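Dumped query12.cif below, it's mmCIF, C-alpha atoms:
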data_model
loop_
_atom_site.label_atom_id
_atom_site.label_comp_id
_atom_site.auth_asym_id
_atom_site.auth_seq_id
_atom_site.Cartn_x
_atom_site.Cartn_y
_atom_site.Cartn_z
CA MET A 1 146.55 100.36 76.11
CA SER A 2 147.66 103.44 74.16
CA ARG A 3 150.67 105.19 75.63
CA ASN A 4 150.41 108.27 73.43
CA TYR A 5 148.38 111.18 74.74
CA ARG A 6 147.41 114.59 73.44
CA LEU A 7 148.34 116.74 76.43
CA LEU A 8 149.97 116.63 79.86
CA VAL A 9 149.46 119.58 82.20
CA LYS A 10 151.90 119.00 85.04
CA ASN A 11 152.87 120.37 88.44
CA ALA A 12 150.03 122.91 88.78
CA LYS A 13 149.97 124.73 92.11
CA GLN A 14 146.18 124.26 92.14
CA VAL A 15 143.87 122.08 90.05
CA VAL A 16 140.26 123.14 90.56
CA LEU A 17 138.27 120.03 89.69
CA ILE A 18 134.91 121.49 90.91
CA CYS A 19 133.43 117.96 91.15
CA ASN A 20 135.14 114.64 91.79
CA ASN A 21 132.21 112.26 92.32
CA GLY A 22 130.25 112.71 89.11
CA GLU A 23 127.95 115.41 90.50
CA LYS A 24 125.73 116.88 87.78
CA PHE A 25 125.19 120.22 89.58
CA MET A 26 125.88 122.01 92.85
CA THR A 27 123.59 123.84 95.24
CA LYS A 28 124.46 126.28 98.02
CA HIS A 29 125.68 123.57 100.41
CA GLU A 30 128.11 121.88 97.97
CA MET A 31 129.47 125.04 96.31
CA PRO A 32 131.81 126.24 99.11
CA ASN A 33 133.43 122.79 99.26
CA PHE A 34 134.21 122.11 95.63
CA CYS A 35 137.28 120.03 94.99
CA VAL A 36 140.69 121.73 94.69
CA LEU A 37 143.84 119.64 94.33
CA GLU A 38 147.20 121.08 95.40
CA ASN A 39 150.22 120.27 93.18
CA GLY A 40 148.36 118.28 90.56
CA SER A 41 148.60 117.10 86.97
CA ILE A 42 146.10 116.21 84.22
CA VAL A 43 146.38 113.82 81.28
CA ILE A 44 144.19 114.27 78.18
CA GLY A 45 144.00 111.49 75.61
CA SER A 46 144.07 111.55 71.83
CA ASP A 47 140.26 111.49 71.86
CA GLY A 48 140.22 114.83 73.72
CA LEU A 49 138.91 113.30 76.95
CA ILE A 50 140.49 113.48 80.39
CA LYS A 51 142.28 110.23 81.25
CA ALA A 52 143.70 111.10 84.66
CA VAL A 53 143.65 113.88 87.26
CA GLY A 54 145.68 113.55 90.44
CA PRO A 55 148.73 114.44 92.49
CA ALA A 56 151.67 115.34 90.28
CA GLU A 57 153.88 112.61 91.71
CA THR A 58 151.24 109.91 91.16
CA ILE A 59 150.65 110.99 87.55
CA ARG A 60 154.41 111.10 86.93
CA GLU A 61 154.78 107.50 88.11
CA GLN A 62 151.71 106.15 86.30
CA TYR A 63 152.63 107.76 82.98
CA ALA A 64 156.40 107.35 83.14
CA GLY A 65 156.63 105.59 79.76
CA ALA A 66 153.98 107.62 77.95
CA THR A 67 154.50 110.15 75.17
CA PHE A 68 152.56 113.40 74.88
CA ASP A 69 151.93 115.59 71.85
CA LYS A 70 152.17 118.66 74.10
CA VAL A 71 153.30 119.26 77.67
CA ILE A 72 152.40 122.35 79.72
CA ASP A 73 154.54 122.91 82.78
CA ALA A 74 152.07 124.65 85.08
CA THR A 75 154.45 125.13 87.99
CA GLY A 76 153.18 128.05 90.08
CA MET A 77 149.97 128.20 88.03
CA CYS A 78 146.30 127.23 88.48
CA VAL A 79 144.19 124.93 86.32
CA LEU A 80 140.39 125.36 86.14
CA PRO A 81 137.64 123.80 84.03
CA GLY A 82 136.82 125.79 80.91
CA LEU A 83 134.06 128.32 81.59
CA VAL A 84 130.52 127.70 80.34
CA ASP A 85 128.41 130.62 79.08
CA ALA A 86 124.83 129.39 79.41
CA HIS A 87 123.03 132.25 77.64
CA THR A 88 124.10 134.25 74.55
CA HIS A 89 122.62 135.82 71.41
CA PRO A 90 125.77 136.02 69.24
CA VAL A 91 124.32 135.89 65.68
CA TRP A 92 123.19 139.32 64.51
CA ALA A 93 123.93 142.32 62.31
CA GLY A 94 123.42 146.04 62.96
CA ASP A 95 125.05 148.30 65.55
CA ARG A 96 123.01 149.35 68.60
CA VAL A 97 125.64 151.39 70.44
CA HIS A 98 123.37 154.47 70.20
CA GLU A 99 120.82 152.68 72.38
CA PHE A 100 123.34 152.48 75.21
CA ALA A 101 123.41 156.30 75.29
CA MET A 102 119.59 156.36 75.34
CA LYS A 103 119.48 153.96 78.28
CA LEU A 104 122.13 155.90 80.19
CA ALA A 105 119.94 158.98 79.71
CA GLY A 106 117.06 157.16 81.37
CA ALA A 107 115.23 155.34 78.56
CA SER A 108 113.78 151.97 79.55
CA TYR A 109 114.09 148.77 77.51
CA MET A 110 110.50 149.27 76.28
CA ASP A 111 111.15 153.00 75.53
CA VAL A 112 113.96 151.96 73.20
CA HIS A 113 111.71 149.30 71.68
CA ARG A 114 108.95 151.86 70.98
CA ALA A 115 111.49 154.26 69.41
CA GLY A 116 112.25 151.69 66.70
CA GLY A 117 115.24 150.14 68.41
CA GLY A 118 115.60 146.94 70.34
CA ILE A 119 114.99 143.50 68.92
CA HIS A 120 113.15 144.70 65.80
CA PHE A 121 116.09 146.93 64.79
CA THR A 122 118.37 143.89 64.98
CA VAL A 123 115.82 141.71 63.17
CA GLN A 124 115.77 144.15 60.24
CA HIS A 125 119.56 144.17 59.89
CA THR A 126 119.98 140.44 60.50
CA ARG A 127 117.40 139.59 57.83
CA ALA A 128 119.32 141.76 55.36
CA ALA A 129 122.70 140.16 56.14
CA GLY A 130 124.02 137.18 54.21
CA PRO A 131 125.13 133.94 55.89
CA SER A 132 128.84 134.66 55.26
CA GLU A 133 128.60 138.06 56.95
CA LEU A 134 126.78 136.54 59.92
CA PHE A 135 129.29 133.69 60.18
CA SER A 136 132.22 136.10 60.09
CA SER A 137 130.86 138.27 62.91
CA LEU A 138 129.80 135.20 64.92
CA SER A 139 133.29 133.70 64.60
CA SER A 140 135.00 136.86 65.85
CA ARG A 141 132.61 137.08 68.83
CA LEU A 142 133.13 133.44 69.76
CA LEU A 143 136.89 133.93 69.50
CA ARG A 144 136.69 136.80 71.98
CA MET A 145 134.69 134.61 74.36
CA GLN A 146 137.26 131.84 73.95
CA ARG A 147 140.12 134.21 74.79
CA ALA A 148 138.25 135.12 77.99
CA GLY A 149 138.09 131.45 78.99
CA THR A 150 134.75 130.24 77.61
CA THR A 151 135.01 126.73 76.15
CA LEU A 152 131.28 125.86 75.92
CA VAL A 153 128.75 128.47 74.84
CA GLU A 154 125.01 128.45 74.24
CA CYS A 155 124.12 130.26 70.98
CA LYS A 156 120.56 131.37 70.22
CA SER A 157 118.77 132.26 67.03
CA GLY A 158 115.91 134.75 67.48
CA TYR A 159 116.62 137.73 65.23
CA GLY A 160 114.90 136.18 62.20
CA LEU A 161 111.37 135.54 63.51
CA ASP A 162 110.24 133.71 60.38
CA LEU A 163 111.10 130.26 59.05
CA GLN A 164 113.76 131.14 56.48
CA MET A 165 115.58 133.68 58.63
CA GLU A 166 115.56 131.54 61.77
CA LEU A 167 116.91 128.62 59.73
CA LYS A 168 119.59 130.94 58.29
CA MET A 169 120.73 131.81 61.83
CA LEU A 170 120.66 128.19 63.01
CA GLN A 171 122.67 127.12 59.94
CA VAL A 172 125.29 129.77 60.73
CA ILE A 173 125.49 128.41 64.31
CA GLU A 174 125.77 124.89 62.88
CA GLU A 175 128.67 125.95 60.63
CA ALA A 176 130.42 127.43 63.67
CA ARG A 177 129.85 124.22 65.63
CA ARG A 178 131.43 122.17 62.85
CA THR A 179 134.40 124.42 62.09
CA LEU A 180 135.44 126.22 65.30
CA PRO A 181 137.09 124.63 68.34
CA ILE A 182 134.69 126.14 70.90
CA ASN A 183 131.87 123.81 72.00
CA ILE A 184 128.41 125.10 71.05
CA SER A 185 124.93 124.34 72.41
CA SER A 186 122.41 125.56 69.82
CA THR A 187 119.09 127.13 70.80
CA TYR A 188 116.04 127.84 68.64
CA CYS A 189 114.60 131.17 69.83
CA GLY A 190 112.01 131.93 67.13
CA ALA A 191 109.70 133.25 69.88
CA HIS A 192 112.12 136.06 70.80
CA ALA A 193 109.65 138.75 69.72
CA VAL A 194 106.29 139.03 67.92
CA PRO A 195 107.02 139.94 64.29
CA LYS A 196 105.67 143.28 63.09
CA GLY A 197 102.22 142.84 61.56
CA LYS A 198 101.42 139.69 63.52
CA THR A 199 99.44 139.10 66.71
CA VAL A 200 100.77 136.92 69.50
CA GLU A 201 98.35 134.19 68.46
CA GLU A 202 99.41 134.38 64.79
CA ALA A 203 103.11 134.30 65.76
CA THR A 204 102.49 131.33 68.04
CA GLU A 205 100.66 129.41 65.31
CA ASP A 206 103.45 130.15 62.81
CA ILE A 207 106.01 128.73 65.22
CA LEU A 208 103.90 125.65 66.01
CA GLN A 209 102.63 124.89 62.49
CA VAL A 210 105.48 126.12 60.24
CA GLN A 211 108.80 126.69 62.03
CA LEU A 212 109.01 123.79 64.48
CA PRO A 213 107.88 121.10 61.95
CA LYS A 214 110.57 122.26 59.49
CA LEU A 215 113.13 122.35 62.28
CA LYS A 216 112.20 118.80 63.25
CA GLU A 217 112.57 117.70 59.62
CA GLN A 218 116.09 119.15 59.33
CA MET A 219 117.12 117.71 62.70
CA SER A 220 115.87 114.25 61.68
CA ALA A 221 117.77 114.50 58.39
CA GLY A 222 120.97 115.34 60.29
CA THR A 223 121.50 118.65 58.47
CA LEU A 224 120.95 120.68 61.62
CA ARG A 225 121.52 120.02 65.30
CA VAL A 226 119.50 122.01 67.80
CA ASP A 227 119.73 121.37 71.54
CA ASN A 228 117.40 123.85 73.29
CA ILE A 229 114.27 125.94 72.84
CA ASP A 230 113.77 129.45 74.22
CA VAL A 231 110.76 131.81 74.41
CA PHE A 232 110.69 135.44 75.59
CA CYS A 233 107.86 135.16 78.12
CA GLU A 234 106.98 138.77 78.84
CA GLN A 235 104.16 141.34 78.86
CA GLY A 236 103.58 142.51 75.29
CA VAL A 237 105.61 139.61 73.88
CA PHE A 238 104.64 135.95 74.53
CA ASP A 239 102.21 135.37 77.37
CA LEU A 240 102.22 132.32 79.64
CA SER A 241 99.73 130.40 77.52
CA SER A 242 101.66 130.88 74.26
CA THR A 243 104.95 130.20 76.03
CA ARG A 244 103.60 126.95 77.45
CA ARG A 245 102.42 125.73 74.04
CA ILE A 246 105.71 126.55 72.28
CA LEU A 247 107.94 125.13 75.00
CA GLN A 248 105.85 121.94 75.23
CA ALA A 249 106.10 121.46 71.46
CA GLY A 250 109.87 121.88 71.66
CA LYS A 251 110.09 119.46 74.56
CA ASP A 252 108.10 116.92 72.54
CA MET A 253 110.82 117.24 69.85
CA GLY A 254 113.50 116.40 72.42
CA LEU A 255 114.73 119.96 72.99
CA ASN A 256 115.84 121.19 76.42
CA ILE A 257 113.71 124.05 77.74
CA ASN A 258 115.84 127.10 78.48
CA PHE A 259 113.81 130.33 78.38
CA HIS A 260 113.63 134.05 79.27
CA GLY A 261 111.28 134.52 82.20
CA ASP A 262 110.32 137.33 84.62
CA GLU A 263 112.87 139.56 82.90
CA LEU A 264 110.91 142.84 82.92
CA HIS A 265 107.73 141.93 84.79
CA PRO A 266 106.71 139.07 87.11
CA MET A 267 105.03 136.47 84.89
CA ASN A 268 105.02 133.33 87.09
CA SER A 269 107.67 131.92 84.76
CA ALA A 270 109.26 129.88 87.54
CA GLN A 271 106.02 127.99 88.09
CA LEU A 272 105.69 127.35 84.34
CA GLY A 273 109.32 126.22 84.16
CA ALA A 274 108.83 123.80 87.03
CA GLU A 275 105.65 122.47 85.41
CA LEU A 276 107.43 121.79 82.10
CA GLY A 277 110.73 120.59 83.58
CA ALA A 278 112.76 123.52 82.26
CA SER A 279 116.55 123.23 82.40
CA ALA A 280 116.96 126.97 82.91
CA ILE A 281 115.03 130.22 83.22
CA THR A 282 116.94 133.45 82.59
CA TYR A 283 116.67 136.66 84.59
CA ILE A 284 118.61 139.60 83.11
CA LEU A 285 119.00 143.32 82.25
CA ARG A 286 119.56 146.56 84.17
CA LEU A 287 116.75 146.08 86.64
CA PRO A 288 116.66 145.16 90.32
CA GLN A 289 119.33 142.45 90.46
CA PRO A 290 118.21 138.84 90.21
CA ARG A 291 117.81 137.50 93.73
CA ALA A 292 120.65 135.01 93.44
CA ARG A 293 121.15 134.89 97.20
CA ASP A 294 117.48 134.02 97.81
CA MET A 295 117.60 131.43 95.04
CA LEU A 296 120.69 129.81 96.54
CA GLU A 297 119.14 129.78 100.01
CA ALA A 298 116.03 128.10 98.54
CA GLY A 299 118.13 125.33 96.99
CA VAL A 300 117.83 126.54 93.38
CA ILE A 301 120.59 125.42 91.00
CA VAL A 302 122.02 128.81 90.00
CA ALA A 303 123.93 129.16 86.72
CA LEU A 304 125.48 132.27 85.17
CA GLY A 305 125.62 133.50 81.58
CA SER A 306 126.80 136.68 79.87
CA ASP A 307 123.58 137.24 77.87
CA PHE A 308 125.88 138.56 75.14
CA ASN A 309 123.66 140.42 72.64
CA PRO A 310 123.51 143.81 70.90
CA ASN A 311 121.74 145.20 73.99
CA ALA A 312 124.37 143.88 76.46
CA TYR A 313 127.78 143.52 74.81
CA CYS A 314 129.78 141.36 77.22
CA CYS A 315 131.95 138.46 76.04
CA SER A 316 133.65 137.77 79.36
CA MET A 317 132.51 135.21 81.92
CA PRO A 318 135.21 136.39 84.38
CA ILE A 319 133.53 139.82 84.36
CA VAL A 320 130.12 138.17 84.77
CA MET A 321 131.44 136.26 87.81
CA HIS A 322 132.88 139.43 89.32
CA LEU A 323 129.55 141.26 88.88
CA ALA A 324 127.67 138.30 90.35
CA CYS A 325 129.83 138.49 93.47
CA VAL A 326 129.63 142.27 93.86
CA ASN A 327 126.03 142.91 92.79
CA MET A 328 124.27 139.67 93.71
CA ARG A 329 126.28 138.80 96.81
CA MET A 330 127.46 135.44 95.50
CA SER A 331 130.71 134.08 96.92
CA MET A 332 133.60 133.37 94.55
CA PRO A 333 133.16 129.57 94.83
CA GLU A 334 129.44 129.98 94.11
CA ALA A 335 130.16 132.13 91.06
CA LEU A 336 132.73 129.68 89.68
CA ALA A 337 130.47 126.66 90.20
CA ALA A 338 127.62 128.63 88.55
CA SER A 339 129.90 129.31 85.54
CA THR A 340 131.10 125.72 85.16
CA ILE A 341 129.16 122.67 86.37
CA ASN A 342 125.82 124.46 86.87
CA ALA A 343 125.97 126.32 83.56
CA ALA A 344 126.77 123.00 81.87
CA TYR A 345 123.79 121.45 83.69
CA ALA A 346 121.52 124.24 82.38
CA LEU A 347 122.53 123.12 78.87
CA GLY A 348 122.16 119.40 79.58
CA CYS A 349 125.94 118.98 79.28
CA SER A 350 127.16 118.45 82.85
CA HIS A 351 127.94 114.79 82.13
CA THR A 352 130.60 115.92 79.62
CA HIS A 353 131.56 119.47 80.68
CA GLY A 354 131.85 121.74 83.68
CA SER A 355 134.43 119.91 85.82
CA LEU A 356 137.83 118.24 85.51
CA GLU A 357 136.95 114.55 85.89
CA VAL A 358 138.01 111.41 84.05
CA ASP A 359 136.11 110.82 80.76
CA LYS A 360 134.90 114.42 80.53
CA HIS A 361 136.07 116.77 77.75
CA GLY A 362 139.60 118.03 78.23
CA ASP A 363 138.52 121.69 78.35
CA LEU A 364 140.53 123.80 80.79
CA LEU A 365 142.21 127.09 81.59
CA VAL A 366 145.75 127.55 82.88
CA LEU A 367 146.05 130.74 84.93
CA ASN A 368 149.30 132.60 85.47
CA THR A 369 148.66 132.91 89.21
CA THR A 370 148.88 130.70 92.28
CA ARG A 371 145.24 131.11 93.37
CA TRP A 372 142.19 130.57 91.16
CA GLU A 373 140.23 133.40 92.84
CA HIS A 374 142.27 135.97 90.89
CA LEU A 375 140.21 135.18 87.79
CA ILE A 376 137.19 136.74 89.53
CA TYR A 377 138.98 139.23 91.78
CA GLN A 378 140.91 141.03 89.02
CA LEU A 379 138.10 142.81 87.17
CA GLY A 380 138.99 142.92 83.48
CA GLY A 381 142.33 141.22 84.11
CA HIS A 382 141.63 137.90 82.41
CA GLN A 383 143.72 138.71 79.32
CA GLU A 384 146.87 138.78 81.46
CA LEU A 385 145.79 136.01 83.85
CA ILE A 386 144.77 133.35 81.31
CA ARG A 387 147.97 131.75 80.03
CA TYR A 388 146.35 128.93 78.03
CA VAL A 389 142.86 127.93 76.94
CA VAL A 390 142.58 124.24 76.09
CA ILE A 391 139.64 122.59 74.30
CA LYS A 392 139.57 118.78 73.95
CA GLY A 393 143.26 118.71 74.78
CA ASN A 394 144.21 121.21 72.07
CA ILE A 395 145.78 124.54 73.02
CA VAL A 396 143.49 127.05 71.30
CA VAL A 397 144.75 130.21 73.04
CA ASP A 398 148.32 130.87 74.17
CA ASN A 399 148.44 134.38 75.58
CA ASP A 400 152.23 134.48 75.78
CA LYS A 401 152.44 134.14 72.02
CA THR A 402 149.83 136.93 71.54
CA MET A 403 148.12 134.84 68.91
CA ASP A 404 145.71 131.93 68.71
CA LEU A 405 147.13 128.60 67.60
#
Using structure tokens, write down the structure that the file contains.
Amino acid sequence: MSRNYRLLVKNAKQVVLICNNGEKFMTKHEMPNFCVLENGSIVIGSDGLIKAVGPAETIREQYAGATFDKVIDATGMCVLPGLVDAHTHPVWAGDRVHEFAMKLAGASYMDVHRAGGGIHFTVQHTRAAGPSELFSSLSSRLLRMQRAGTTLVECKSGYGLDLQMELKMLQVIEEARRTLPINISSTYCGAHAVPKGKTVEEATEDILQVQLPKLKEQMSAGTLRVDNIDVFCEQGVFDLSSTRRILQAGKDMGLNINFHGDELHPMNSAQLGAELGASAITYILRLPQPRARDMLEAGVIVALGSDFNPNAYCCSMPIVMHLACVNMRMSMPEALAASTINAAYALGCSHTHGSLEVDKHGDLLVLNTTRWEHLIYQLGGHQELIRYVVIKGNIVVDNDKTMDL
């Protein structure tokens, strides 16, 4: 048995495991009772996986003769699982800050769309941008998310809307997956909008007959990895029938279904999602708040995501958790579980991410506070609270050194 390990995090005041019995998700009844260990330590192996989590004294005795590449003394600090952002659109070009002013003045999402803004504005600029420009901006956005504690992020395409441009976006996401430390779940979102000059039926046929077959070919060849499929199911975009056909085709290719539903208008998306076995349906934007409380009471597995995109520029899951508590009446334990194990479950990754358990990825945060709730309570305070971000046992952010390692 190897006695050399990548990382020891020792003597933490609190270790928030979330799960400790291999749970794949949590509902309302489990969330308030997630597992928190007082005065604990964690060992991460050279393969980046967690080898032990337990009382500090027990770990000290069991690993007395071991050597560690790095040791973090977390005395007086908290350790949490890395945060999971289950919904983002981080690959795009073109600045839409002017639209924020329009919306503050009363313009609706569709008003902005009709004025030449919205998705089609971003599509125009993203099509014109080269892969290196897109990769550079994607990298800086993912780095900001990482600094705010995100260690697994879902990244969508969807600002190309034709075969070559969607592939360009997915290849940029693939390059990020291969070269950056942050874990990425890649989503094909070619049905994000109906391209100008096409009908819904024509766009649907292009996706089914041209885009998805080429995607399948590249996935089979190993040149591209895609995990999920997303459709914007909405009035004036993709109706239920088109959405069903596209999502079913993606499911037949082995993709997880993870789509936008009932975002602007009620579309019976939940029924469609249940019918197709969707992993997640997203409810977002500045509208009546998603009924998270009702969903929790009904036993729905609630996950949170930032929906980072040019229409909603938020890189911070701690801010998302705070807003979920204040605006959607979620408790702090519910918000944290929704941003860890449940968000990982929405991406089909809760067997490897979302909690601090043996054989899962060694992705964690070390907080410079004695209680984990401060990460949610201190709105905008994560930069000072997060002392370390660790991915697969490697320290990728050290906020005391004011630089990334």
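Rounded to one decimal, atom CA of Ala324 of chain A and atom CA of Leu375 of chain A lie 13.2 Å from each other.
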- Calculate how many Å separate atom CA of Ala56 of chain A from atom CA of His351 of chain A, rounding to one decimal.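 If I compute the distance from atom CA of Ala56 of chain A to atom CA of His351 of chain A, I get 25.1 Å.
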Val366 of chain A environment, 6 Å, all atoms listed in the file, sequence neighbours closer than 6 positions dropped, as a PDB file with C-alpha atoms, in the coordinates of the input:
ATOM      1  CA  CYS A  78     146.300 127.230  88.480  1.00  0.00           C
ATOM      2  CA  VAL A  79     144.190 124.930  86.320  1.00  0.00           C
ATOM      3  CA  ARG A 387     147.970 131.750  80.030  1.00  0.00           C
ATOM      4  CA  TYR A 388     146.350 128.930  78.030  1.00  0.00           C
TER       5      TYR A 388
END
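Residue nearest Gly273 of chain A within the list A:Asp47, A:Asp398, A:Asp230, A:Glu166: A:Asp230 [criterion: smallest interatomic distance, all atoms listed in the file].
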- Query: Exactly which residues make up the result of the PyMOL selection byres ((chain A and resi 345) around 9) on this file, given as a PyMOL selection string?
  - Reply: chain A and resi 24-25+279-280+301+303+340-344+346-351+353-354
- Task: Given the file shown, enumerate the residues that the PyMOL selection byres ((chain A and resi 7-15) around 10) captures and present them as a ChimeraX atom specification.
- Result: /A:4-6,16-18,35-46,48,50,52-57,59-60,63,67-81,356,362,364-367,369-372,390,392-395
Quick one: write out the picked residues with C-alpha atoms as a compact mmCIF listing (two decimals), keeping the file's coordinate frame?
# COMPACT_ATOMS: atom_id res chain seq x y z
CA ASN A 4 150.41 108.27 73.43
CA TYR A 5 148.38 111.18 74.74
CA ARG A 6 147.41 114.59 73.44
CA VAL A 16 140.26 123.14 90.56
CA LEU A 17 138.27 120.03 89.69
CA ILE A 18 134.91 121.49 90.91
CA CYS A 35 137.28 120.03 94.99
CA VAL A 36 140.69 121.73 94.69
CA LEU A 37 143.84 119.64 94.33
CA GLU A 38 147.20 121.08 95.40
CA ASN A 39 150.22 120.27 93.18
CA GLY A 40 148.36 118.28 90.56
CA SER A 41 148.60 117.10 86.97
CA ILE A 42 146.10 116.21 84.22
CA VAL A 43 146.38 113.82 81.28
CA ILE A 44 144.19 114.27 78.18
CA GLY A 45 144.00 111.49 75.61
CA SER A 46 144.07 111.55 71.83
CA GLY A 48 140.22 114.83 73.72
CA ILE A 50 140.49 113.48 80.39
CA ALA A 52 143.70 111.10 84.66
CA VAL A 53 143.65 113.88 87.26
CA GLY A 54 145.68 113.55 90.44
CA PRO A 55 148.73 114.44 92.49
CA ALA A 56 151.67 115.34 90.28
CA GLU A 57 153.88 112.61 91.71
CA ILE A 59 150.65 110.99 87.55
CA ARG A 60 154.41 111.10 86.93
CA TYR A 63 152.63 107.76 82.98
CA THR A 67 154.50 110.15 75.17
CA PHE A 68 152.56 113.40 74.88
CA ASP A 69 151.93 115.59 71.85
CA LYS A 70 152.17 118.66 74.10
CA VAL A 71 153.30 119.26 77.67
CA ILE A 72 152.40 122.35 79.72
CA ASP A 73 154.54 122.91 82.78
CA ALA A 74 152.07 124.65 85.08
CA THR A 75 154.45 125.13 87.99
CA GLY A 76 153.18 128.05 90.08
CA MET A 77 149.97 128.20 88.03
CA CYS A 78 146.30 127.23 88.48
CA VAL A 79 144.19 124.93 86.32
CA LEU A 80 140.39 125.36 86.14
CA PRO A 81 137.64 123.80 84.03
CA LEU A 356 137.83 118.24 85.51
CA GLY A 362 139.60 118.03 78.23
CA LEU A 364 140.53 123.80 80.79
CA LEU A 365 142.21 127.09 81.59
CA VAL A 366 145.75 127.55 82.88
CA LEU A 367 146.05 130.74 84.93
CA THR A 369 148.66 132.91 89.21
CA THR A 370 148.88 130.70 92.28
CA ARG A 371 145.24 131.11 93.37
CA TRP A 372 142.19 130.57 91.16
CA VAL A 390 142.58 124.24 76.09
CA LYS A 392 139.57 118.78 73.95
CA GLY A 393 143.26 118.71 74.78
CA ASN A 394 144.21 121.21 72.07
CA ILE A 395 145.78 124.54 73.02
